[in-house]
>>> print(open('run37.tsv').read())   # TSV, C-alpha atoms and all ligand atoms
chain	number	residue	atom	x	y	z
A	264	MET	CA	0.00	0.00	0.00
A	265	PHE	CA	1.22	3.54	-0.66
A	266	CYS	CA	0.37	6.69	1.22
A	267	TYR	CA	0.08	10.39	0.48
A	268	ILE	CA	0.55	12.99	3.17
A	269	HIS	CA	-0.45	16.52	2.26
A	270	ILE	CA	0.24	19.45	4.50
A	271	PRO	CA	-2.15	22.30	3.65
A	272	PHE	CA	0.18	25.13	4.59
A	273	CYS	CA	2.64	27.10	2.47
A	274	GLN	CA	5.31	29.57	3.41
A	275	SER	CA	4.41	31.87	0.54
A	276	ARG	CA	1.85	31.96	-2.20
A	277	CYS	CA	2.69	31.12	-5.86
A	278	LYS	CA	0.77	33.27	-8.28
A	279	TYR	CA	-0.46	30.40	-10.46
A	280	CYS	CA	-1.73	28.29	-7.53
A	281	ARG	CA	-5.28	27.03	-7.90
A	282	PHE	CA	-5.61	25.81	-4.31
A	283	SER	CA	-6.85	27.59	-1.24
A	284	THR	CA	-3.62	27.53	0.66
A	285	PHE	CA	-3.21	28.54	4.23
A	286	ALA	CA	0.07	30.28	3.71
A	287	TRP	CA	0.21	32.24	6.88
A	288	LYS	CA	-1.23	29.82	9.43
A	289	ALA	CA	0.25	30.11	12.90
A	290	ASP	CA	2.35	27.31	14.34
A	291	LEU	CA	-0.49	26.36	16.66
A	292	ASP	CA	-2.77	25.58	13.69
A	293	LYS	CA	-0.08	23.34	12.22
A	294	GLU	CA	0.26	21.50	15.52
A	295	ILE	CA	-3.51	20.88	15.64
A	296	TYR	CA	-3.39	19.57	12.07
A	297	VAL	CA	-0.44	17.25	12.81
A	298	ASN	CA	-2.10	15.87	15.95
A	299	ASN	CA	-5.30	15.20	14.02
A	300	LEU	CA	-3.40	13.51	11.21
A	301	ILE	CA	-1.59	11.26	13.69
A	302	GLY	CA	-4.93	10.38	15.32
A	303	ARG	CA	-6.28	9.36	11.90
A	304	ILE	CA	-3.20	7.23	11.20
A	305	GLN	CA	-3.57	5.45	14.55
A	306	ASN	CA	-7.28	4.77	13.91
A	307	THR	CA	-7.03	3.53	10.34
A	308	GLU	CA	-7.92	-0.12	10.00
A	309	SER	CA	-5.63	-1.73	7.48
A	310	GLN	CA	-3.16	-4.53	7.90
A	311	LYS	CA	-1.24	-3.63	4.75
A	312	LYS	CA	2.42	-2.58	5.04
A	313	LEU	CA	3.55	0.65	3.39
A	314	ASN	CA	5.94	0.55	0.46
A	315	SER	CA	6.00	4.25	-0.33
A	316	ILE	CA	5.01	7.54	1.27
A	317	TYR	CA	4.91	10.88	-0.48
A	318	PHE	CA	4.83	14.13	1.52
A	319	TRP	CA	3.37	16.27	-1.21
A	320	TRP	CA	1.19	19.34	-1.72
A	321	TRP	CA	1.02	22.02	-0.42
A	322	THR	CA	4.43	22.60	1.26
A	323	PRO	CA	5.34	19.72	3.60
A	324	THR	CA	8.50	21.47	4.77
A	325	SER	CA	6.38	24.24	6.27
A	326	LEU	CA	6.20	21.80	9.21
A	327	ASN	CA	9.19	21.59	11.51
A	328	ASN	CA	11.34	18.46	11.54
A	329	ASN	CA	9.89	17.23	14.82
A	330	GLN	CA	6.39	17.30	13.32
A	331	LEU	CA	7.58	15.46	10.20
A	332	GLU	CA	9.28	12.84	12.36
A	333	ARG	CA	6.17	12.30	14.49
A	334	ILE	CA	4.04	11.65	11.38
A	335	ILE	CA	6.55	9.14	10.01
A	336	SER	CA	6.84	7.34	13.36
A	337	ALA	CA	3.04	7.10	13.58
A	338	LEU	CA	2.91	5.56	10.08
A	339	LYS	CA	5.69	3.12	10.91
A	340	ASN	CA	4.13	2.05	14.21
A	341	ARG	CA	0.67	1.65	12.74
A	342	PHE	CA	1.37	-0.04	9.39
A	343	GLY	CA	5.03	-1.10	9.30
A	344	PHE	CA	7.36	-0.35	6.40
A	345	ASP	CA	8.60	-2.63	3.62
A	346	ASP	CA	12.42	-2.94	3.71
A	347	ASP	CA	12.83	-0.98	0.49
A	348	ILE	CA	10.29	1.72	1.29
A	349	GLU	CA	10.57	5.00	-0.64
A	350	ILE	CA	9.73	8.12	1.38
A	351	THR	CA	9.68	11.36	-0.61
A	352	LEU	CA	9.70	14.85	0.77
A	353	GLU	CA	8.68	17.68	-1.52
A	354	THR	CA	10.53	20.79	-0.50
A	355	THR	CA	10.81	24.38	-1.57
A	356	ILE	CA	14.23	25.78	-2.25
A	357	ASN	CA	14.02	27.94	0.91
A	358	ASN	CA	14.01	24.98	3.28
A	359	ILE	CA	17.14	23.33	1.95
A	360	THR	CA	19.99	23.64	4.43
A	361	GLU	CA	22.80	21.22	5.24
A	362	GLU	CA	21.30	20.66	8.68
A	363	ASN	CA	17.83	19.90	7.30
A	364	LEU	CA	19.20	17.53	4.67
A	365	ILE	CA	20.98	15.50	7.34
A	366	ILE	CA	17.95	15.46	9.65
A	367	TRP	CA	15.54	14.54	6.84
A	368	GLN	CA	17.64	11.56	6.01
A	369	LYS	CA	17.87	10.51	9.66
A	370	ILE	CA	14.09	10.57	9.99
A	371	TRP	CA	13.64	8.17	7.05
A	372	PHE	CA	13.31	10.42	4.00
A	373	ASN	CA	15.26	8.86	1.13
A	374	ARG	CA	13.98	10.94	-1.78
A	375	LEU	CA	13.69	14.70	-2.29
A	376	SER	CA	11.54	16.46	-4.85
A	377	ILE	CA	12.50	20.07	-5.48
A	378	TRP	CA	10.53	22.65	-7.42
A	379	ILE	CA	12.77	24.69	-9.69
A	380	GLN	CA	10.28	25.51	-12.50
A	381	THR	CA	12.64	27.80	-14.47
A	382	LEU	CA	15.90	29.69	-14.02
A	383	ASN	CA	14.48	32.84	-15.61
A	384	ASN	CA	14.50	35.45	-12.84
A	385	ARG	CA	11.91	37.70	-14.43
A	386	SER	CA	9.54	34.76	-14.60
A	387	LEU	CA	10.34	33.54	-11.09
A	388	LYS	CA	9.63	37.01	-9.71
A	389	GLU	CA	6.37	37.15	-11.66
A	390	ILE	CA	5.16	33.83	-10.20
A	391	TRP	CA	6.47	34.70	-6.71
A	392	ARG	CA	9.06	31.93	-6.42
A	393	PRO	CA	12.71	32.05	-5.22
A	394	VAL	CA	15.09	33.43	-7.88
A	395	LYS	CA	17.92	31.68	-9.74
A	396	GLU	CA	20.70	32.74	-7.34
A	397	GLN	CA	18.80	31.22	-4.41
A	398	ILE	CA	18.18	28.03	-6.37
A	399	ILE	CA	21.85	27.68	-7.31
A	400	ASN	CA	22.96	28.35	-3.78
A	401	LYS	CA	20.73	25.57	-2.42
A	402	LEU	CA	21.64	23.08	-5.14
A	403	ASP	CA	25.32	23.75	-4.31
A	404	ILE	CA	24.61	22.72	-0.71
A	405	ILE	CA	23.18	19.41	-1.88
A	406	GLU	CA	26.05	18.85	-4.33
A	407	ASN	CA	28.59	19.39	-1.53
A	408	LEU	CA	26.85	16.85	0.67
A	409	PHE	CA	26.83	14.32	-2.14
A	410	ARG	CA	30.55	14.88	-2.68
A	411	LYS	CA	31.16	14.13	0.99
A	412	ASN	CA	28.91	11.06	1.14
A	413	CYS	CA	29.08	9.36	-2.24
A	414	HIS	CA	31.52	8.20	-4.88
A	415	SER	CA	31.60	10.32	-7.99
A	416	LEU	CA	32.22	9.05	-11.50
A	417	GLU	CA	33.81	12.28	-12.71
A	418	GLU	CA	34.13	11.43	-16.37
A	419	GLY	CA	31.21	12.13	-18.65
A	420	ASN	CA	29.04	13.75	-16.01
A	421	LEU	CA	27.77	10.47	-14.68
A	422	PRO	CA	25.65	10.37	-11.53
A	423	TYR	CA	27.00	9.70	-8.07
A	424	ILE	CA	27.14	6.18	-6.75
A	425	CYS	CA	25.61	6.27	-3.30
A	426	THR	CA	24.40	3.73	-0.89
A	427	ASN	CA	21.77	4.92	1.44
A	428	TRP	CA	21.78	8.56	0.38
A	429	LEU	CA	18.97	10.73	-0.87
A	430	SER	CA	17.73	10.43	-4.39
A	431	VAL	CA	16.75	13.78	-5.91
A	432	SER	CA	14.13	14.88	-8.40
A	433	VAL	CA	13.63	18.40	-9.79
A	434	ASP	CA	10.57	19.91	-11.47
A	435	PHE	CA	10.44	22.23	-14.46
A	436	ILE	CA	7.42	23.91	-15.99
A	437	ILE	CA	7.12	24.86	-19.67
A	438	TRP	CA	4.85	27.79	-20.52
A	439	LEU	CA	5.75	30.17	-17.74
A	440	PRO	CA	5.60	33.89	-18.52
A	441	TYR	CA	8.73	35.52	-20.05
A	442	VAL	CA	10.39	32.13	-20.66
A	443	LYS	CA	11.49	32.03	-24.30
A	444	LYS	CA	11.71	29.10	-26.69
A	445	TRP	CA	14.62	26.74	-25.84
A	446	GLU	CA	15.09	28.36	-22.45
A	447	THR	CA	13.70	25.35	-20.57
A	448	LEU	CA	16.01	23.09	-22.58
A	449	ASN	CA	18.98	25.29	-21.66
A	450	ASP	CA	17.94	25.32	-18.00
A	451	ILE	CA	17.84	21.52	-17.96
A	452	LYS	CA	21.26	21.37	-19.67
A	453	PHE	CA	22.69	23.78	-17.12
A	454	ILE	CA	21.29	21.83	-14.18
A	455	LEU	CA	22.48	18.46	-15.44
A	456	LYS	CA	25.92	19.79	-16.30
A	457	ASN	CA	26.46	21.21	-12.83
A	458	TYR	CA	24.60	18.80	-10.56
A	459	ASN	CA	25.31	15.12	-10.92
A	460	PHE	CA	23.06	14.12	-8.05
A	461	ILE	CA	19.85	14.65	-10.04
A	462	ASN	CA	18.37	11.37	-11.21
A	463	HIS	CA	14.74	12.27	-11.87
A	464	ILE	CA	13.15	15.19	-13.75
A	465	SER	CA	9.49	16.14	-13.98
A	466	LEU	CA	8.57	18.39	-16.88
A	467	TYR	CA	5.07	19.85	-16.65
A	468	MET	CA	3.14	22.32	-18.68
A	469	LEU	CA	1.60	25.06	-16.62
A	470	GLU	CA	-1.77	25.45	-18.27
A	471	GLU	CA	-2.96	21.91	-17.77
A	472	TYR	CA	-2.81	21.98	-14.01
A	473	TYR	CA	-2.88	25.48	-12.69
A	474	ASP	CA	-4.66	28.82	-12.67
A	475	TYR	CA	-3.20	30.71	-15.57
A	476	PRO	CA	-3.64	34.49	-15.32
A	477	LYS	CA	-4.95	35.86	-18.64
A	478	LYS	CA	-2.18	38.40	-19.01
A	479	TRP	CA	0.41	35.59	-19.16
A	480	GLN	CA	-0.96	34.25	-22.42
A	481	ASN	CA	0.98	36.73	-24.52
A	482	LEU	CA	4.08	36.44	-22.37
A	483	SER	CA	4.68	32.73	-22.97
A	484	ILE	CA	5.82	30.68	-25.97
A	485	ALA	CA	3.22	29.71	-28.58
A	486	GLU	CA	1.39	26.39	-28.31
A	487	GLU	CA	3.17	24.87	-31.32
A	488	ASP	CA	6.51	25.90	-29.82
A	489	PHE	CA	5.54	24.19	-26.61
A	490	LEU	CA	5.33	20.85	-28.40
A	491	GLU	CA	8.73	21.41	-30.04
A	492	GLU	CA	10.27	22.46	-26.74
A	493	TYR	CA	8.86	19.42	-24.97
A	494	LEU	CA	10.13	17.01	-27.63
A	495	ILE	CA	13.59	18.52	-27.76
A	496	CYS	CA	13.84	18.35	-23.95
A	497	LYS	CA	12.68	14.73	-24.10
A	498	ASN	CA	15.35	13.88	-26.72
A	499	TYR	CA	18.04	15.63	-24.72
A	500	LEU	CA	17.04	13.84	-21.53
A	501	GLU	CA	17.09	10.48	-23.30
A	502	LYS	CA	20.64	11.20	-24.48
A	503	LYS	CA	21.53	11.80	-20.84
A	504	TRP	CA	20.06	8.40	-19.86
A	505	PHE	CA	16.78	9.76	-18.51
A	506	LYS	CA	14.04	7.48	-19.77
A	507	ARG	CA	10.50	8.85	-20.02
A	508	TYR	CA	8.26	6.60	-17.93
A	509	GLU	CA	5.19	8.85	-17.93
A	510	LEU	CA	4.42	11.81	-20.13
A	511	SER	CA	5.86	14.31	-17.63
A	512	ASN	CA	8.37	12.12	-15.81
A	513	PHE	CA	11.92	11.09	-16.73
A	514	ALA	CA	14.30	9.01	-14.67
A	515	ARG	CA	17.72	7.42	-14.79
A	516	ALA	CA	17.82	3.63	-14.43
A	517	TRP	CA	16.63	2.49	-10.97
A	518	PHE	CA	15.32	5.96	-10.10
A	519	GLU	CA	11.75	5.85	-11.38
A	520	CYS	CA	9.51	7.05	-8.59
A	521	LYS	CA	7.93	3.97	-6.99
A	522	HIS	CA	5.17	6.05	-5.59
A	523	ASN	CA	4.15	7.48	-8.98
A	524	LYS	CA	4.13	4.00	-10.46
A	525	ALA	CA	1.94	2.61	-7.67
A	526	TYR	CA	-0.51	5.47	-8.25
A	527	TRP	CA	-0.65	4.88	-12.00
A	528	ASN	CA	-1.09	1.11	-11.41
A	529	HIS	CA	-4.14	1.90	-9.32
A	530	GLU	CA	-2.74	0.16	-6.25
A	531	ASN	CA	-4.25	0.58	-2.79
A	532	MET	CA	-3.67	4.09	-1.57
A	533	LEU	CA	-4.07	5.74	1.78
A	534	ALA	CA	-4.50	9.51	1.96
A	535	LEU	CA	-5.61	10.93	5.27
A	536	TRP	CA	-5.20	14.64	4.73
A	537	LEU	CA	-7.67	17.44	4.25
A	538	TRP	CA	-9.33	17.25	0.80
A	539	ALA	CA	-7.86	13.82	-0.05
A	540	HIS	CA	-9.40	11.40	-2.54
A	541	TRP	CA	-8.16	7.88	-2.00
A	542	PHE	CA	-8.77	4.30	-2.96
A	543	LEU	CA	-8.68	1.20	-0.78
A	544	ASP	CA	-9.88	-2.30	-1.77
A	545	GLY	CA	-12.25	-1.08	-4.50
A	546	ILE	CA	-13.73	1.82	-2.52
A	547	ARG	CA	-13.11	5.51	-3.29
A	548	TYR	CA	-13.10	7.87	-0.29
A	549	ALA	CA	-13.00	11.66	-0.19
A	550	ASN	CA	-12.17	13.80	2.80
A	551	PRO	CA	-13.76	17.24	3.36
A	552	ASP	CA	-12.10	20.36	1.99
A	553	ASN	CA	-12.58	22.45	5.13
A	554	PHE	CA	-11.03	22.21	8.58
A	555	ILE	CA	-14.32	22.13	10.54
A	556	ASP	CA	-15.62	18.95	8.85
A	557	TYR	CA	-12.15	17.47	8.61
A	558	TYR	CA	-11.50	17.84	12.31
A	559	SER	CA	-14.93	16.27	13.02
A	560	TRP	CA	-13.65	13.21	11.09
A	561	LYS	CA	-16.46	13.43	8.53
A	562	LEU	CA	-16.07	11.90	5.08
A	563	ASP	CA	-17.08	13.92	2.06
A	564	TYR	CA	-18.13	10.74	0.26
A	565	LYS	CA	-17.47	7.02	-0.04
A	566	GLU	CA	-18.38	5.03	-3.14
A	567	ASN	CA	-17.88	1.50	-4.38
A	568	LEU	CA	-16.14	1.62	-7.73
A	569	THR	CA	-17.50	-0.71	-10.38
A	570	LYS	CA	-15.16	-2.88	-12.43
A	571	TYR	CA	-15.83	-0.55	-15.36
A	572	ASP	CA	-14.88	2.57	-13.32
A	573	ILE	CA	-11.59	0.91	-12.42
A	574	PHE	CA	-11.04	-0.15	-16.03
A	575	LEU	CA	-11.51	3.45	-17.26
A	576	GLU	CA	-9.10	4.83	-14.68
A	577	LYS	CA	-6.54	2.19	-15.60
A	578	VAL	CA	-6.81	3.06	-19.29
A	579	MET	CA	-6.15	6.69	-18.41
A	580	PHE	CA	-3.02	5.88	-16.43
A	581	TRP	CA	-1.71	3.15	-18.72
A	582	ILE	CA	-1.74	5.25	-21.86
A	583	ARG	CA	0.10	8.05	-20.05
A	584	THR	CA	2.78	5.65	-18.91
A	585	ASN	CA	3.16	3.01	-21.54
A	586	TRP	CA	0.79	1.46	-24.07
A	587	LEU	CA	-2.52	-0.35	-24.25
A	588	GLU	CA	-2.57	-4.07	-25.06
A	589	LYS	CA	-5.02	-5.33	-27.68
A	590	GLU	CA	-7.41	-6.88	-25.16
A	591	ILE	CA	-7.74	-3.42	-23.58
A	592	TYR	CA	-8.03	-1.16	-26.61
A	593	LYS	CA	-10.43	-3.48	-28.43
A	594	ASN	CA	-13.02	-2.41	-25.80
A	595	LEU	CA	-12.57	1.30	-26.63
A	596	ASN	CA	-14.04	3.48	-29.37
A	597	GLN	CA	-12.44	2.04	-32.55
A	598	GLU	CA	-13.53	4.85	-34.87
A	599	LYS	CA	-12.00	7.50	-32.65
A	600	ILE	CA	-8.81	5.45	-32.31
A	601	LYS	CA	-8.57	5.19	-36.11
A	602	TYR	CA	-9.09	8.93	-36.42
A	603	PHE	CA	-6.37	9.77	-33.89
A	604	VAL	CA	-3.96	7.29	-35.52
A	605	GLY	CA	-4.62	9.11	-38.84
A	606	GLN	CA	-3.76	12.40	-37.12
A	607	LYS	CA	-0.54	10.82	-35.73
A	608	LEU	CA	-1.75	11.46	-32.18
A	609	LEU	CA	-1.91	7.73	-31.50
A	610	ASP	CA	0.23	5.00	-33.00
A	611	PHE	CA	0.21	1.21	-33.33
A	612	GLN	CA	3.46	-0.60	-32.52
A	613	ASP	CA	3.43	-4.41	-32.61
A	614	ASP	CA	-0.27	-4.59	-31.84
A	615	LYS	CA	0.07	-2.17	-28.94
A	616	LEU	CA	-1.57	1.26	-28.92
A	617	THR	CA	0.80	4.05	-27.89
A	618	LEU	CA	0.90	7.82	-28.00
A	619	GLY	CA	2.19	9.47	-31.15
A	620	ASP	CA	4.61	12.38	-30.83
A	621	SER	CA	2.04	15.15	-31.34
A	622	TRP	CA	-0.23	14.26	-28.45
A	623	VAL	CA	1.36	16.35	-25.75
A	624	THR	CA	-1.10	19.18	-25.41
A	625	LEU	CA	-4.10	17.00	-26.27
A	626	ILE	CA	-3.74	13.97	-24.01
A	627	ASP	CA	-6.78	14.59	-21.80
A	628	TYR	CA	-8.97	15.23	-24.86
A	629	ILE	CA	-7.79	12.01	-26.57
A	630	ILE	CA	-8.48	9.89	-23.50
A	631	LYS	CA	-11.98	11.36	-23.11
A	632	GLU	CA	-12.77	10.58	-26.75
A	633	ILE	CA	-11.56	6.98	-26.93
A	634	VAL	CA	-13.07	5.55	-23.72
B	701	LIG	S1	1.70	26.11	-5.91
B	701	LIG	FE1	2.15	24.73	-4.20
B	701	LIG	S2	3.74	25.80	-2.99
B	701	LIG	FE2	2.78	27.33	-4.35
B	701	LIG	S3	1.15	28.26	-3.09
B	701	LIG	FE3	0.21	26.60	-4.27
B	701	LIG	S4	0.29	24.80	-2.93
B	701	LIG	FE4	1.72	26.33	-2.12
>>> encode(input="run37.tsv", output="structure tokens")
Amino acid sequence: MFCYIHIPFCQSRCKYCRFSTFAWKADLDKEIYVNNLIGRIQNTESQKKLNSIYFWWWTPTSLNNNQLERIISALKNRFGFDDDIEITLETTINNITEENLIIWQKIWFNRLSIWIQTLNNRSLKEIWRPVKEQIINKLDIIENLFRKNCHSLEEGNLPYICTNWLSVSVDFIIWLPYVKKWETLNDIKFILKNYNFINHISLYMLEEYYDYPKKWQNLSIAEEDFLEEYLICKNYLEKKWFKRYELSNFARAWFECKHNKAYWNHENMLALWLWAHWFLDGIRYANPDNFIDYYSWKLDYKENLTKYDIFLEKVMFWIRTNWLEKEIYKNLNQEKIKYFVGQKLLDFQDDKLTLGDSWVTLIDYIIKEIV
């Protein structure tokens, strides 16, 4: 079983954020939230061990290290951990210090996910994120720690060989304001040239997921350029041994995110935080989106998923990650599939249905049409 932990507090507000964040909540509020979360962990009835935990949205590192440790201990005591458990901490640049990195590792975190988004300072200031100099400074801290703790294969910019040290992922976003064509590619080149510890890259497009202020539309690259930029980044990453294992995720061998893969495989998932939607033994649960109901331990809803519901969700995840086998796609809309193959948005390879190279900005539309 895998588990998401979301901490609904942020240290500052990003301009494109579509969530109600509680950026300026006092420490007391955080302590109430942590105590409630621990209570929920202790009262959850499941005998399944955990094989991955992801401390994700909004900003988990807005909690102090003692609070993070208490949540992990509660999970370990209640469910037990598989020996090769992956525990990811998503952190902002601001919270990276040598001291924190050492503590995070001591309290079980073995994977870090860091939001970079772009190295264009004008853009970073526009979206209210830390600027390039701060990013570089923090990445230097991590690089120094890796040098101290791991063996480096200096030649050819190969990654560090580490046993028992953090694995690191960074996020980029294409389509941010003021970022010109090829700038994301150059940012990725710069990062990979200077930081050998990075073994996972997520490359998102802003519009699909976030609130996109209207005035940004003319400040970003054109839609057709987006596709070109994405494909050239993908080709570059593949040359650097980063394999694409989902449309937005690239990893070096052995560094695919276990947690992502469990999610896309529709495995049992525990998510006990405010606003969570989760899935356990064929039942979908949703927690309330407000503190009053959440603290009263109410559920927003609970529904039994039919086999067909699960099939549709699996199709959605499978095509984003890999391909559809014949016995799956033969149950989908054949006319629409034929149409999209004609448009080179889908492709047949050895009887398997895969994405063509022009699908990037249309993936959600294609999925909706073929199921
Ligand atoms: S984008 Fe993430 S870090 Fe930024 S305000 Fe929203 S939830 Fe917080």
>>> closest_residue(input="run37.tsv", among="A:Asp610, A:Glu353, A:Glu361, A:Asp552", to="ligand LIG 701 (chain B)", atoms="all atoms listed in the file")
A:Glu353
>>> residues_around(input="run37.tsv", residues="A:Tyr602", least_positions_apart="6", cutoff="12 Å", atoms="only C-alpha atoms", output="short mmCIF file (atom, residue, chain, number, x, y, z; two decimals) with C-alpha atoms, keeping the file's coordinate frame")
data_model
loop_
_atom_site.label_atom_id
_atom_site.label_comp_id
_atom_site.auth_asym_id
_atom_site.auth_seq_id
_atom_site.Cartn_x
_atom_site.Cartn_y
_atom_site.Cartn_z
CA ASN A 596 -14.04 3.48 -29.37
CA LEU A 608 -1.75 11.46 -32.18
CA LEU A 609 -1.91 7.73 -31.50
CA ASP A 610 0.23 5.00 -33.00
CA ILE A 629 -7.79 12.01 -26.57
CA GLU A 632 -12.77 10.58 -26.75
CA ILE A 633 -11.56 6.98 -26.93
#
>>> residues_near_ligand(input="run37.tsv", ligand="ligand LIG 701 (chain B)", cutoff="8 Å", atoms="all atoms listed in the file", output="PyMOL selection string")
chain A and resi 271-284+286+320-322+355
>>> closest_residue(input="run37.tsv", among="A:Met579, A:Ile600, A:Ile304, A:Val394", to="A:Lys339", atoms="only C-alpha atoms")
A:Ile304
>>> atom_distance(input="run37.tsv", atom1="atom CA of A:Gly343", atom2="atom CA of A:Val431")
24.3 Å
>>> atom_distance(input="run37.tsv", atom1="atom CA of A:Leu575", atom2="atom CA of A:Lys497")
27.6 Å
>>> closest_residue(input="run37.tsv", among="A:Asn594, A:Lys478, A:Phe554, A:His529", to="A:Lys293", atoms="only C-alpha atoms")
A:Phe554
>>> atom_distance(input="run37.tsv", atom1="atom CA of A:Leu402", atom2="atom CA of A:Ile350")
20.2 Å
>>> closest_atom_pairs(input="run37.tsv", of="stretch 326-375 of chain A", to="stretch 309-315 of chain A", cutoff="12 Å", atoms="only C-alpha atoms", output="JSON lines")
{"residue": "A:Ile335", "atom": "CA", "partner": "A:Leu313", "partner_atom": "CA", "distance": 11.2}
{"residue": "A:Leu338", "atom": "CA", "partner": "A:Leu313", "partner_atom": "CA", "distance": 8.3}
{"residue": "A:Lys339", "atom": "CA", "partner": "A:Leu313", "partner_atom": "CA", "distance": 8.2}
{"residue": "A:Asn340", "atom": "CA", "partner": "A:Lys312", "partner_atom": "CA", "distance": 10.4}
{"residue": "A:Arg341", "atom": "CA", "partner": "A:Gln310", "partner_atom": "CA", "distance": 8.7}
{"residue": "A:Phe342", "atom": "CA", "partner": "A:Lys312", "partner_atom": "CA", "distance": 5.1}
{"residue": "A:Gly343", "atom": "CA", "partner": "A:Lys312", "partner_atom": "CA", "distance": 5.2}
{"residue": "A:Phe344", "atom": "CA", "partner": "A:Leu313", "partner_atom": "CA", "distance": 5.0}
{"residue": "A:Asp345", "atom": "CA", "partner": "A:Asn314", "partner_atom": "CA", "distance": 5.2}
{"residue": "A:Asp346", "atom": "CA", "partner": "A:Asn314", "partner_atom": "CA", "distance": 8.0}
{"residue": "A:Asp347", "atom": "CA", "partner": "A:Asn314", "partner_atom": "CA", "distance": 7.1}
{"residue": "A:Ile348", "atom": "CA", "partner": "A:Asn314", "partner_atom": "CA", "distance": 4.6}
{"residue": "A:Glu349", "atom": "CA", "partner": "A:Ser315", "partner_atom": "CA", "distance": 4.6}
{"residue": "A:Ile350", "atom": "CA", "partner": "A:Ser315", "partner_atom": "CA", "distance": 5.6}
{"residue": "A:Thr351", "atom": "CA", "partner": "A:Ser315", "partner_atom": "CA", "distance": 8.0}
{"residue": "A:Leu352", "atom": "CA", "partner": "A:Ser315", "partner_atom": "CA", "distance": 11.3}
{"residue": "A:Trp371", "atom": "CA", "partner": "A:Ser315", "partner_atom": "CA", "distance": 11.3}
{"residue": "A:Phe372", "atom": "CA", "partner": "A:Ser315", "partner_atom": "CA", "distance": 10.5}
{"residue": "A:Asn373", "atom": "CA", "partner": "A:Ser315", "partner_atom": "CA", "distance": 10.4}
{"residue": "A:Arg374", "atom": "CA", "partner": "A:Ser315", "partner_atom": "CA", "distance": 10.5}
>>> closest_residue(input="run37.tsv", among="A:Asn567, A:Leu439, A:Asp292, A:Leu300", to="A:Trp391", atoms="all atoms listed in the file")
A:Leu439
>>> closest_residue(input="run37.tsv", among="A:Tyr557, A:Phe603, A:Tyr441, A:Trp367", to="A:Arg385", atoms="only C-alpha atoms")
A:Tyr441
